>>> print(open('model38.cif').read())   # mmCIF, C-alpha atoms and all ligand atoms
data_data
loop_
_atom_site.label_atom_id
_atom_site.label_comp_id
_atom_site.auth_asym_id
_atom_site.auth_seq_id
_atom_site.Cartn_x
_atom_site.Cartn_y
_atom_site.Cartn_z
CA MET O 1 74.85 91.89 95.70
CA ARG O 2 74.32 95.64 95.42
CA ILE O 3 77.33 97.77 96.42
CA LEU O 4 77.56 101.55 96.48
CA VAL O 5 81.02 103.12 96.27
CA THR O 6 81.14 106.79 97.22
CA GLY O 7 84.02 108.75 95.72
CA GLY O 8 84.00 106.50 92.66
CA SER O 9 85.91 109.22 90.81
CA SER O 10 88.88 109.25 93.23
CA THR O 11 92.23 107.44 92.96
CA PRO O 12 91.16 104.63 95.35
CA GLY O 13 87.41 104.68 94.57
CA TYR O 14 87.71 104.28 90.82
CA LYS O 15 89.93 101.18 91.08
CA LEU O 16 87.50 99.73 93.58
CA VAL O 17 84.57 100.30 91.21
CA LEU O 18 86.47 98.55 88.38
CA LYS O 19 87.47 95.63 90.61
CA LEU O 20 83.91 95.14 91.97
CA ALA O 21 82.41 95.30 88.47
CA GLU O 22 84.98 92.75 87.28
CA ARG O 23 83.85 90.45 90.13
CA GLY O 24 80.24 90.69 88.92
CA TYR O 25 78.72 92.88 91.65
CA ASP O 26 75.83 95.23 91.00
CA VAL O 27 77.85 98.43 91.43
CA TYR O 28 76.65 101.98 92.01
CA ALA O 29 79.43 104.56 91.75
CA GLN O 30 78.93 108.01 93.25
CA TYR O 31 80.84 111.05 91.96
CA TYR O 32 80.26 114.78 91.96
CA SER O 33 82.44 117.06 89.83
CA HIS O 34 84.39 114.45 87.83
CA GLU O 35 82.12 112.23 85.77
CA ILE O 36 83.01 108.55 85.81
CA PRO O 37 83.26 107.02 82.31
CA GLU O 38 80.77 104.33 81.32
CA ILE O 39 81.74 100.94 82.72
CA PRO O 40 79.71 97.78 82.01
CA GLY O 41 77.77 96.70 85.11
CA VAL O 42 78.21 100.08 86.85
CA ARG O 43 75.49 102.65 87.47
CA ARG O 44 76.83 106.15 87.95
CA VAL O 45 75.25 108.40 90.54
CA ARG O 46 75.96 112.15 90.61
CA LEU O 47 75.45 113.40 94.13
CA ASP O 48 76.68 116.35 96.19
CA LEU O 49 77.57 114.93 99.58
CA ARG O 50 77.05 118.32 101.27
CA ASP O 51 73.31 117.62 101.08
CA SER O 52 72.54 115.11 103.85
CA ASP O 53 68.81 114.85 103.04
CA LYS O 54 69.64 114.04 99.43
CA ILE O 55 72.12 111.39 100.58
CA ILE O 56 69.38 109.63 102.54
CA ASP O 57 66.97 109.88 99.55
CA VAL O 58 69.49 108.51 97.06
CA LEU O 59 70.59 105.69 99.36
CA GLY O 60 66.92 104.87 99.98
CA ASP O 61 66.41 104.50 96.22
CA ILE O 62 69.49 102.37 95.70
CA LYS O 63 69.14 100.21 98.86
CA PRO O 64 72.74 98.98 98.84
CA SER O 65 73.62 95.93 100.96
CA ILE O 66 77.17 97.26 101.18
CA ILE O 67 78.41 100.86 101.18
CA ILE O 68 82.10 101.56 100.64
CA HIS O 69 82.54 105.18 101.65
CA THR O 70 85.74 106.59 100.12
CA ALA O 71 84.52 110.11 99.26
CA ALA O 72 86.09 112.95 101.23
CA VAL O 73 87.85 116.23 100.74
CA GLY O 74 91.29 114.63 100.50
CA ASP O 75 93.24 117.81 99.80
CA VAL O 76 94.95 118.38 103.14
CA ASP O 77 95.67 122.09 102.58
CA LEU O 78 92.14 122.76 101.31
CA CYS O 79 90.74 121.18 104.49
CA GLU O 80 92.90 123.51 106.56
CA THR O 81 91.74 126.66 104.79
CA ASN O 82 88.12 125.69 104.09
CA ARG O 83 87.12 124.00 107.32
CA ASP O 84 83.39 124.32 106.90
CA PHE O 85 83.52 122.58 103.51
CA ALA O 86 85.79 119.82 104.88
CA TRP O 87 83.51 119.26 107.88
CA ARG O 88 80.38 119.02 105.75
CA VAL O 89 81.84 116.47 103.34
CA ASN O 90 84.12 114.50 105.64
CA VAL O 91 82.02 114.47 108.80
CA GLU O 92 78.39 115.39 108.10
CA ALA O 93 78.10 113.19 104.99
CA THR O 94 79.66 110.28 106.90
CA LYS O 95 77.07 110.85 109.63
CA ALA O 96 74.20 110.62 107.12
CA ILE O 97 75.68 107.53 105.44
CA SER O 98 76.30 105.81 108.79
CA ARG O 99 72.75 106.59 109.93
CA PHE O 100 71.39 105.03 106.75
CA ALA O 101 73.66 101.98 107.11
CA SER O 102 72.61 101.40 110.69
CA ARG O 103 68.87 101.75 110.00
CA ASN O 104 68.93 99.60 106.88
CA ARG O 105 71.49 97.02 108.01
CA SER O 106 73.92 97.85 105.21
CA PHE O 107 77.50 96.77 105.78
CA LEU O 108 79.66 99.92 105.90
CA VAL O 109 83.30 100.15 104.85
CA TYR O 110 84.98 103.47 105.62
CA LEU O 111 88.27 104.49 103.99
CA SER O 112 90.44 106.44 106.42
CA THR O 113 93.98 107.66 106.60
CA ASP O 114 97.41 107.49 108.25
CA TYR O 115 96.96 111.24 108.89
CA VAL O 116 94.93 110.42 112.01
CA PHE O 117 98.40 109.97 113.61
CA ASP O 118 100.80 112.74 114.58
CA GLY O 119 103.76 111.06 112.86
CA GLU O 120 106.15 111.36 115.79
CA ARG O 121 106.90 107.62 115.80
CA GLY O 122 105.82 105.86 112.58
CA MET O 123 104.83 102.25 111.85
CA TYR O 124 101.53 102.73 113.64
CA ARG O 125 99.42 99.72 114.61
CA GLU O 126 95.61 99.69 114.74
CA GLU O 127 95.62 99.98 118.54
CA ASP O 128 97.90 103.06 118.64
CA THR O 129 96.33 106.31 119.78
CA PRO O 130 95.54 108.79 116.99
CA ASN O 131 96.49 112.44 117.42
CA PRO O 132 95.93 114.36 114.17
CA VAL O 133 98.11 117.40 113.50
CA ASN O 134 95.88 118.95 110.83
CA TYR O 135 92.20 119.56 110.20
CA TYR O 136 91.93 116.88 107.49
CA GLY O 137 93.19 114.24 109.95
CA LEU O 138 90.80 115.51 112.58
CA THR O 139 87.76 115.26 110.28
CA LYS O 140 88.74 111.72 109.27
CA LEU O 141 89.20 110.68 112.90
CA VAL O 142 85.83 112.15 113.90
CA ALA O 143 84.25 110.31 110.95
CA GLU O 144 85.88 107.04 112.06
CA GLY O 145 84.24 107.52 115.45
CA ILE O 146 80.85 108.13 113.86
CA VAL O 147 81.12 104.98 111.74
CA ALA O 148 82.27 102.86 114.68
CA SER O 149 79.53 104.08 117.01
CA SER O 150 76.71 103.88 114.44
CA THR O 151 76.87 100.23 113.49
CA GLU O 152 78.72 97.08 114.46
CA ASP O 153 78.58 96.05 110.83
CA HIS O 154 81.51 98.15 109.75
CA VAL O 155 85.12 98.05 108.67
CA ILE O 156 87.52 100.98 108.83
CA VAL O 157 90.48 100.73 106.49
CA ARG O 158 93.37 103.14 106.96
CA ALA O 159 95.72 103.61 104.03
CA SER O 160 98.78 105.83 103.61
CA HIS O 161 99.49 108.02 100.59
CA ILE O 162 97.34 106.33 97.95
CA TYR O 163 98.90 106.43 94.49
CA GLY O 164 98.17 105.07 91.03
CA PHE O 165 96.54 105.79 87.71
CA GLY O 166 92.87 105.89 86.73
CA MET O 167 90.81 108.79 88.01
CA GLY O 168 91.36 111.29 90.82
CA ARG O 169 93.58 114.17 91.84
CA VAL O 170 97.16 114.01 90.61
CA ASN O 171 98.93 112.00 93.30
CA PHE O 172 102.67 112.25 94.04
CA ALA O 173 103.66 109.17 92.01
CA ARG O 174 101.71 110.42 89.01
CA HIS O 175 103.32 113.84 89.39
CA VAL O 176 106.77 112.22 89.48
CA VAL O 177 106.06 110.14 86.35
CA GLU O 178 104.53 113.04 84.43
CA SER O 179 107.32 115.47 85.32
CA LEU O 180 110.23 113.10 84.75
CA SER O 181 108.81 111.91 81.43
CA LYS O 182 109.11 115.53 80.25
CA GLY O 183 112.62 115.84 81.68
CA GLN O 184 111.38 118.18 84.43
CA PRO O 185 112.90 117.98 87.94
CA VAL O 186 110.88 116.95 91.00
CA ARG O 187 111.52 118.12 94.55
CA ALA O 188 110.99 115.44 97.20
CA LEU O 189 111.24 115.49 100.99
CA VAL O 190 114.00 113.45 102.59
CA ASP O 191 112.45 113.88 106.05
CA GLN O 192 108.88 112.68 105.50
CA TRP O 193 108.12 108.97 105.71
CA LEU O 194 104.98 107.16 104.59
CA SER O 195 103.79 103.76 103.38
CA PRO O 196 102.70 104.49 99.81
CA THR O 197 99.67 102.36 98.93
CA LEU O 198 99.01 101.38 95.31
CA ASN O 199 95.31 101.89 94.52
CA THR O 200 95.13 98.55 92.67
CA LEU O 201 96.29 96.63 95.73
CA LEU O 202 94.13 98.62 98.12
CA ALA O 203 91.09 97.79 95.97
CA GLU O 204 91.97 94.06 96.04
CA ALA O 205 92.36 94.12 99.81
CA ILE O 206 89.04 95.93 100.36
CA VAL O 207 87.21 93.49 98.08
CA GLU O 208 88.69 90.58 100.04
CA ILE O 209 87.68 92.20 103.35
CA VAL O 210 84.11 92.60 102.05
CA GLU O 211 83.96 89.03 100.73
CA LYS O 212 85.34 87.60 103.98
CA GLY O 213 82.87 89.72 105.97
CA LEU O 214 85.61 91.01 108.30
CA ARG O 215 84.77 93.65 110.89
CA GLY O 216 86.92 96.21 112.71
CA LEU O 217 89.93 98.36 111.93
CA PHE O 218 92.68 97.46 109.45
CA HIS O 219 95.81 99.17 108.18
CA ILE O 220 96.34 98.44 104.48
CA ALA O 221 99.50 99.99 103.07
CA GLY O 222 102.81 99.44 101.31
CA GLU O 223 106.39 99.55 102.58
CA ARG O 224 107.68 102.45 104.69
CA VAL O 225 109.85 104.82 102.67
CA SER O 226 110.78 108.50 102.59
CA ARG O 227 109.16 110.62 99.91
CA TYR O 228 112.61 111.17 98.35
CA ASP O 229 113.40 107.44 98.17
CA PHE O 230 109.90 106.78 96.83
CA ALA O 231 110.48 109.29 94.00
CA ARG O 232 113.90 107.77 93.21
CA ALA O 233 112.42 104.26 93.13
CA ILE O 234 109.79 105.47 90.66
CA ALA O 235 112.45 107.10 88.50
CA ARG O 236 114.51 103.87 88.47
CA ARG O 237 111.59 101.62 87.54
CA PHE O 238 110.30 103.92 84.81
CA GLY O 239 113.77 104.39 83.37
CA PHE O 240 113.96 108.14 84.04
CA LYS O 241 116.99 110.03 85.31
CA GLU O 242 117.22 109.61 89.09
CA ASP O 243 119.22 112.81 89.46
CA LEU O 244 116.15 114.81 88.38
CA ILE O 245 114.85 114.14 91.91
CA GLU O 246 116.00 117.02 94.10
CA PRO O 247 116.26 116.29 97.84
CA ILE O 248 114.64 118.92 100.05
CA THR O 249 113.70 119.04 103.72
CA SER O 250 110.44 120.16 105.29
CA ARG O 251 112.17 123.43 106.21
CA ASP O 252 112.27 124.24 102.47
CA ILE O 253 108.45 124.17 102.06
CA VAL O 254 105.68 126.06 103.78
CA PHE O 255 102.47 124.00 103.74
CA LYS O 256 99.14 125.46 104.79
CA ALA O 257 98.50 122.33 106.87
CA ARG O 258 101.12 120.62 109.05
CA ARG O 259 102.14 117.13 107.87
CA PRO O 260 103.01 114.21 110.14
CA ARG O 261 106.77 113.47 109.88
CA ASP O 262 106.39 109.68 109.80
CA SER O 263 102.85 108.38 109.25
CA SER O 264 103.90 104.92 108.05
CA LEU O 265 101.57 102.08 109.00
CA ASN O 266 102.17 98.63 110.44
CA THR O 267 100.09 96.16 108.38
CA GLU O 268 100.78 92.89 110.27
CA LYS O 269 97.13 92.42 111.31
CA ALA O 270 95.80 92.64 107.75
CA LYS O 271 98.65 90.54 106.35
CA GLN O 272 97.73 87.71 108.68
CA LEU O 273 94.05 87.73 107.70
CA LEU O 274 94.18 88.46 103.97
CA LYS O 275 95.42 86.51 100.98
CA THR O 276 95.90 89.74 98.98
CA PRO O 277 99.66 90.11 98.62
CA PHE O 278 101.27 93.13 100.29
CA HIS O 279 103.98 93.64 97.70
CA SER O 280 107.36 95.25 98.19
CA LEU O 281 107.70 98.81 96.90
CA ASP O 282 109.61 97.59 93.84
CA HIS O 283 106.95 95.01 92.99
CA SER O 284 104.16 97.60 93.40
CA LEU O 285 106.06 99.97 91.11
CA GLU O 286 106.39 97.14 88.59
CA ILE O 287 102.56 96.87 88.58
CA LEU O 288 102.28 100.66 88.26
CA TYR O 289 104.77 100.64 85.39
CA ARG O 290 102.81 97.94 83.53
CA GLU O 291 99.57 99.90 84.03
CA TRP O 292 101.31 102.99 82.64
CA LEU O 293 102.55 101.09 79.56
CA SER O 294 99.13 99.57 78.93
CA ALA O 295 97.39 102.97 79.24
CA ARG O 296 99.77 104.20 76.52
CA GLY O 297 98.94 101.20 74.35
CA VAL O 298 102.44 99.70 74.69
N1 LIG O 301 95.20 110.77 98.99
C1 LIG O 301 95.76 109.95 99.86
O1 LIG O 301 96.97 109.75 99.83
C2 LIG O 301 94.94 109.21 100.88
C3 LIG O 301 95.58 108.47 101.88
C4 LIG O 301 94.80 107.76 102.78
C5 LIG O 301 93.43 107.79 102.69
N2 LIG O 301 92.84 108.54 101.73
C6 LIG O 301 91.39 108.56 101.65
O2 LIG O 301 91.00 108.14 100.35
C7 LIG O 301 89.82 108.82 99.94
C8 LIG O 301 90.05 109.57 98.64
O3 LIG O 301 91.07 110.51 98.88
P1 LIG O 301 91.66 111.41 97.72
O4 LIG O 301 92.87 112.07 98.25
O5 LIG O 301 91.73 110.62 96.45
O6 LIG O 301 90.52 112.51 97.68
P2 LIG O 301 90.07 113.51 96.51
O7 LIG O 301 91.07 113.53 95.42
O8 LIG O 301 89.78 114.79 97.20
O9 LIG O 301 88.75 112.79 95.96
C9 LIG O 301 87.69 112.73 96.76
C10 LIG O 301 86.50 112.00 96.20
O10 LIG O 301 85.40 112.49 96.96
C11 LIG O 301 84.43 113.07 96.08
N3 LIG O 301 83.90 114.30 96.67
C12 LIG O 301 84.58 115.32 97.23
N4 LIG O 301 83.70 116.30 97.60
C13 LIG O 301 82.46 115.86 97.27
C14 LIG O 301 81.15 116.40 97.39
N5 LIG O 301 80.91 117.61 97.92
N6 LIG O 301 80.12 115.67 96.95
C15 LIG O 301 80.32 114.47 96.40
N7 LIG O 301 81.52 113.89 96.24
C16 LIG O 301 82.59 114.59 96.67
C17 LIG O 301 85.18 113.42 94.82
O11 LIG O 301 84.25 113.42 93.73
P3 LIG O 301 84.45 114.39 92.45
O12 LIG O 301 85.93 114.50 92.21
O13 LIG O 301 83.72 113.70 91.35
O14 LIG O 301 83.84 115.69 92.84
C18 LIG O 301 86.20 112.27 94.73
O15 LIG O 301 85.62 111.12 94.19
C19 LIG O 301 89.46 109.75 101.11
O16 LIG O 301 88.55 109.10 101.94
C20 LIG O 301 90.78 109.94 101.81
O17 LIG O 301 90.63 110.31 103.15
C21 LIG O 301 93.55 109.25 100.81
#
>>> encode(input="model38.cif", output="structure tokens", more="lines below")
Ligand SMILES: NC(=O)c1ccc[n+]([C@@H]2O[C@H](COP(=O)([O-])OP(=O)(O)OC[C@H]3O[C@@H](n4cnc5c(N)ncnc54)[C@H](OP(=O)(O)O)[C@@H]3O)[C@@H](O)[C@H]2O)c1
Amino acid sequence: MRILVTGGSSTPGYKLVLKLAERGYDVYAQYYSHEIPEIPGVRRVRLDLRDSDKIIDVLGDIKPSIIIHTAAVGDVDLCETNRDFAWRVNVEATKAISRFASRNRSFLVYLSTDYVFDGERGMYREEDTPNPVNYYGLTKLVAEGIVASSTEDHVIVRASHIYGFGMGRVNFARHVVESLSKGQPVRALVDQWLSPTLNTLLAEAIVEIVEKGLRGLFHIAGERVSRYDFARAIARRFGFKEDLIEPITSRDIVFKARRPRDSSLNTEKAKQLLKTPFHSLDHSLEILYREWLSARGV
């Protein structure tokens, strides 16, 4: 089975590529500015997703039965300040990919975000009404609509703060580990709540969704926690000093883009349908810790 993963060089996409290759799929991994290392069974495809005609050409050459679309401009502040760029990658590219999927009967999986919600309540279910508070969330919500209206053969997976090692932008957990390992302090918000999602577990859940042929909208995420408690839990598991985590409130930081206060996700629907375990935060951090040790050859 031929599967194309867009954003194969991102924190979630790279783990997905590894997991699919491990399961023996014929994997095509798209990237743009960060080259994916050679992986047995994986063909790497360099493609700028701002070029919709090129997208259609490349997809036409590959002819994937399944497309897992994770590529996006994920930097929330960059989306706010460079709206045209964010729209082209997050919306226009999704439009081209969805059009291809619908015409060629490819199954389409779209990776979306908790930032489609305004964060006033938290623990959002799939049927709750989105109301993005920043441009990034808006582009992802518009893209969800495009996917859903283009083809019935789709799944939309919303995750919340994806963290882990591998490739991709430095995520918060990686920043905490890297700073604390050098004895440097980390500031963390006590008044922002999320459901941090380990990339390894997200990849397992998406593979299971694909293999089960599920359709629709699913929230896949970890336990709800504040950013501050998340950072302290990382410090504890990795054996770093917890008091290097400095509590701050959102009044202490000026972001370019507004953040939802509590964008945590309710994952009951997915838990009932999937065998993939939705681990506790401590268990997920245990996995992260083991991955960190093994990357250092320990
Ligand atoms: N970060 C989170 O906490 C979070 C939470 C929920 C959902 N998500 C979703 O997860 C996905 C990845 O997010 P992320 O934060 O890891 O994003 P990211 O760091 O900005 O990475 C985005 C990916 O998209 C690719 N990409 C960006 N612009 C491109 C372009 N013009 N042409 C081709 N490829 C391009 C990048 O490739 P190169 O780096 O090779 O250029 C990279 O693989 C997104 O769909 C995001 O909405 C993220």
>>> closest_residue(input="model38.cif", among="O:Val89, O:Leu111, O:Leu217, O:Ile146", to="Val5 of chain O", atoms="all atoms listed in the file")
O:Leu111
>>> residues_around(input="model38.cif", residues="Glu242 of chain O", least_positions_apart="3", cutoff="9 Å", atoms="only C-alpha atoms", output="list of chain:residue names")
O:Leu180, O:Ala231, O:Arg232, O:Ala233, O:Ile234, O:Ala235, O:Arg236, O:Gly239, O:Ile245
>>> atom_distance(input="model38.cif", atom1="atom C1 of ligand LIG 301 (chain O)", atom2="atom CA of Arg158 of chain O")
10.1 Å
>>> closest_residue(input="model38.cif", among="O:Tyr115, O:Phe230, O:Phe100, O:Phe165", to="ligand LIG 301 (chain O)", atoms="all atoms listed in the file")
O:Tyr115
>>> residues_around(input="model38.cif", residues="Val210 of chain O", least_positions_apart="5", cutoff="9 Å", atoms="all atoms listed in the file", output="VMD selection string")
chain O and resid 66 107 109 155 205 215
>>> residues_near_ligand(input="model38.cif", ligand="ligand LIG 301 (chain O)", cutoff="9 Å", atoms="only C-alpha atoms and all ligand atoms", output="ChimeraX atom specification")
/O:6-14,30-36,46-51,69-76,85-86,88-90,93,110-115,136-137,140,157-163,167-172,196-197
>>> atom_distance(input="model38.cif", atom1="atom CA of Arg2 of chain O", atom2="atom CA of Ile67 of chain O")
8.8 Å
>>> closest_residue(input="model38.cif", among="O:Ala143, O:Val298, O:Cys79, O:Val176", to="Val91 of chain O", atoms="all atoms listed in the file")
O:Ala143
>>> closest_residue(input="model38.cif", among="O:Arg237, O:Asp57, O:His283, O:Asp243", to="Val177 of chain O", atoms="all atoms listed in the file")
O:Arg237
>>> atom_distance(input="model38.cif", atom1="atom CA of Phe218 of chain O", atom2="atom CA of Gln272 of chain O")
11.0 Å
>>> residues_around(input="model38.cif", residues="segment 259-263 of chain O", least_positions_apart="2", cutoff="8 Å", atoms="all atoms listed in the file", output="list in words")
Asp114, Tyr115, Phe117, Asp118, Gly119, Glu120, Arg121, Gly122, Met123, Tyr124, Val133, Asn134, Ser160, Asp191, Gln192, Trp193, Leu194, Ser195, Ala257 and Leu265 of chain O
>>> write_last_selection(input="model38.cif", atoms="C-alpha atoms", output="PDB file, in the frame of the given file")
ATOM      1  CA  ASP O 114      97.410 107.490 108.250  1.00  0.00           C
ATOM      2  CA  TYR O 115      96.960 111.240 108.890  1.00  0.00           C
ATOM      3  CA  PHE O 117      98.400 109.970 113.610  1.00  0.00           C
ATOM      4  CA  ASP O 118     100.800 112.740 114.580  1.00  0.00           C
ATOM      5  CA  GLY O 119     103.760 111.060 112.860  1.00  0.00           C
ATOM      6  CA  GLU O 120     106.150 111.360 115.790  1.00  0.00           C
ATOM      7  CA  ARG O 121     106.900 107.620 115.800  1.00  0.00           C
ATOM      8  CA  GLY O 122     105.820 105.860 112.580  1.00  0.00           C
ATOM      9  CA  MET O 123     104.830 102.250 111.850  1.00  0.00           C
ATOM     10  CA  TYR O 124     101.530 102.730 113.640  1.00  0.00           C
ATOM     11  CA  VAL O 133      98.110 117.400 113.500  1.00  0.00           C
ATOM     12  CA  ASN O 134      95.880 118.950 110.830  1.00  0.00           C
ATOM     13  CA  SER O 160      98.780 105.830 103.610  1.00  0.00           C
ATOM     14  CA  ASP O 191     112.450 113.880 106.050  1.00  0.00           C
ATOM     15  CA  GLN O 192     108.880 112.680 105.500  1.00  0.00           C
ATOM     16  CA  TRP O 193     108.120 108.970 105.710  1.00  0.00           C
ATOM     17  CA  LEU O 194     104.980 107.160 104.590  1.00  0.00           C
ATOM     18  CA  SER O 195     103.790 103.760 103.380  1.00  0.00           C
ATOM     19  CA  ALA O 257      98.500 122.330 106.870  1.00  0.00           C
ATOM     20  CA  LEU O 265     101.570 102.080 109.000  1.00  0.00           C
TER      21      LEU O 265
END
>>> residues_around(input="model38.cif", residues="Thr249 of chain O", least_positions_apart="6", cutoff="10 Å", atoms="only C-alpha atoms", output="MDAnalysis selection string")
chainID O and resid 187:192 228
>>> closest_residue(input="model38.cif", among="O:Gly297, O:Pro37, O:Gly145, O:Gly24", to="Gly166 of chain O", atoms="all atoms listed in the file")
O:Pro37
>>> closest_residue(input="model38.cif", among="O:Glu268, O:Glu223, O:Glu152, O:Glu38", to="Val17 of chain O", atoms="only C-alpha atoms")
O:Glu38
>>> residues_near_point(input="model38.cif", point="(98.4, 97.8, 109.5)", cutoff="7 Å", atoms="all atoms listed in the file", output="number ranges by chain")
O: 125-126, 218-221, 265-270
>>> decode(input="model38.cif", residues="segment 267-281 of chain O", atoms="N, CA, C and O atoms", output="short mmCIF file (atom, residue, chain, number, x, y, z; two decimals), in the first residue's frame")
data_model
loop_
_atom_site.label_atom_id
_atom_site.label_comp_id
_atom_site.auth_asym_id
_atom_site.auth_seq_id
_atom_site.Cartn_x
_atom_site.Cartn_y
_atom_site.Cartn_z
N THR O 267 -10.76 12.91 24.80
CA THR O 267 -10.37 11.88 23.83
C THR O 267 -11.21 10.60 23.96
O THR O 267 -10.82 9.54 23.47
N GLU O 268 -12.36 10.70 24.67
CA GLU O 268 -13.18 9.51 24.93
C GLU O 268 -13.54 8.74 23.66
O GLU O 268 -13.49 7.52 23.62
N LYS O 269 -13.93 9.48 22.59
CA LYS O 269 -14.37 8.82 21.36
C LYS O 269 -13.25 7.92 20.81
O LYS O 269 -13.47 6.74 20.51
N ALA O 270 -12.05 8.48 20.70
CA ALA O 270 -10.93 7.71 20.14
C ALA O 270 -10.54 6.56 21.06
O ALA O 270 -10.25 5.45 20.60
N LYS O 271 -10.60 6.80 22.37
CA LYS O 271 -10.22 5.75 23.33
C LYS O 271 -11.11 4.53 23.19
O LYS O 271 -10.69 3.40 23.38
N GLN O 272 -12.40 4.79 22.88
CA GLN O 272 -13.33 3.67 22.76
C GLN O 272 -13.11 2.87 21.49
O GLN O 272 -13.41 1.69 21.44
N LEU O 273 -12.57 3.51 20.45
CA LEU O 273 -12.44 2.82 19.16
C LEU O 273 -11.05 2.25 18.90
O LEU O 273 -10.87 1.38 18.05
N LEU O 274 -10.05 2.77 19.62
CA LEU O 274 -8.68 2.36 19.32
C LEU O 274 -8.07 1.49 20.41
O LEU O 274 -8.39 1.66 21.60
N LYS O 275 -7.16 0.61 19.96
CA LYS O 275 -6.42 -0.21 20.94
C LYS O 275 -5.19 0.55 21.44
O LYS O 275 -4.67 0.27 22.51
N THR O 276 -4.70 1.49 20.62
CA THR O 276 -3.51 2.27 21.00
C THR O 276 -3.72 2.85 22.39
O THR O 276 -4.73 3.50 22.65
N PRO O 277 -2.78 2.60 23.31
CA PRO O 277 -3.00 3.09 24.67
C PRO O 277 -2.81 4.61 24.78
O PRO O 277 -1.85 5.15 24.24
N PHE O 278 -3.76 5.26 25.46
CA PHE O 278 -3.62 6.69 25.74
C PHE O 278 -3.00 6.79 27.13
O PHE O 278 -3.70 6.78 28.13
N HIS O 279 -1.67 6.86 27.15
CA HIS O 279 -0.97 6.79 28.44
C HIS O 279 -1.17 8.02 29.30
O HIS O 279 -1.46 9.11 28.80
N SER O 280 -0.93 7.84 30.59
CA SER O 280 -0.88 8.98 31.51
C SER O 280 0.31 9.85 31.12
O SER O 280 1.21 9.41 30.38
N LEU O 281 0.34 11.07 31.64
CA LEU O 281 1.47 11.96 31.35
C LEU O 281 2.78 11.32 31.81
O LEU O 281 3.78 11.32 31.08
#
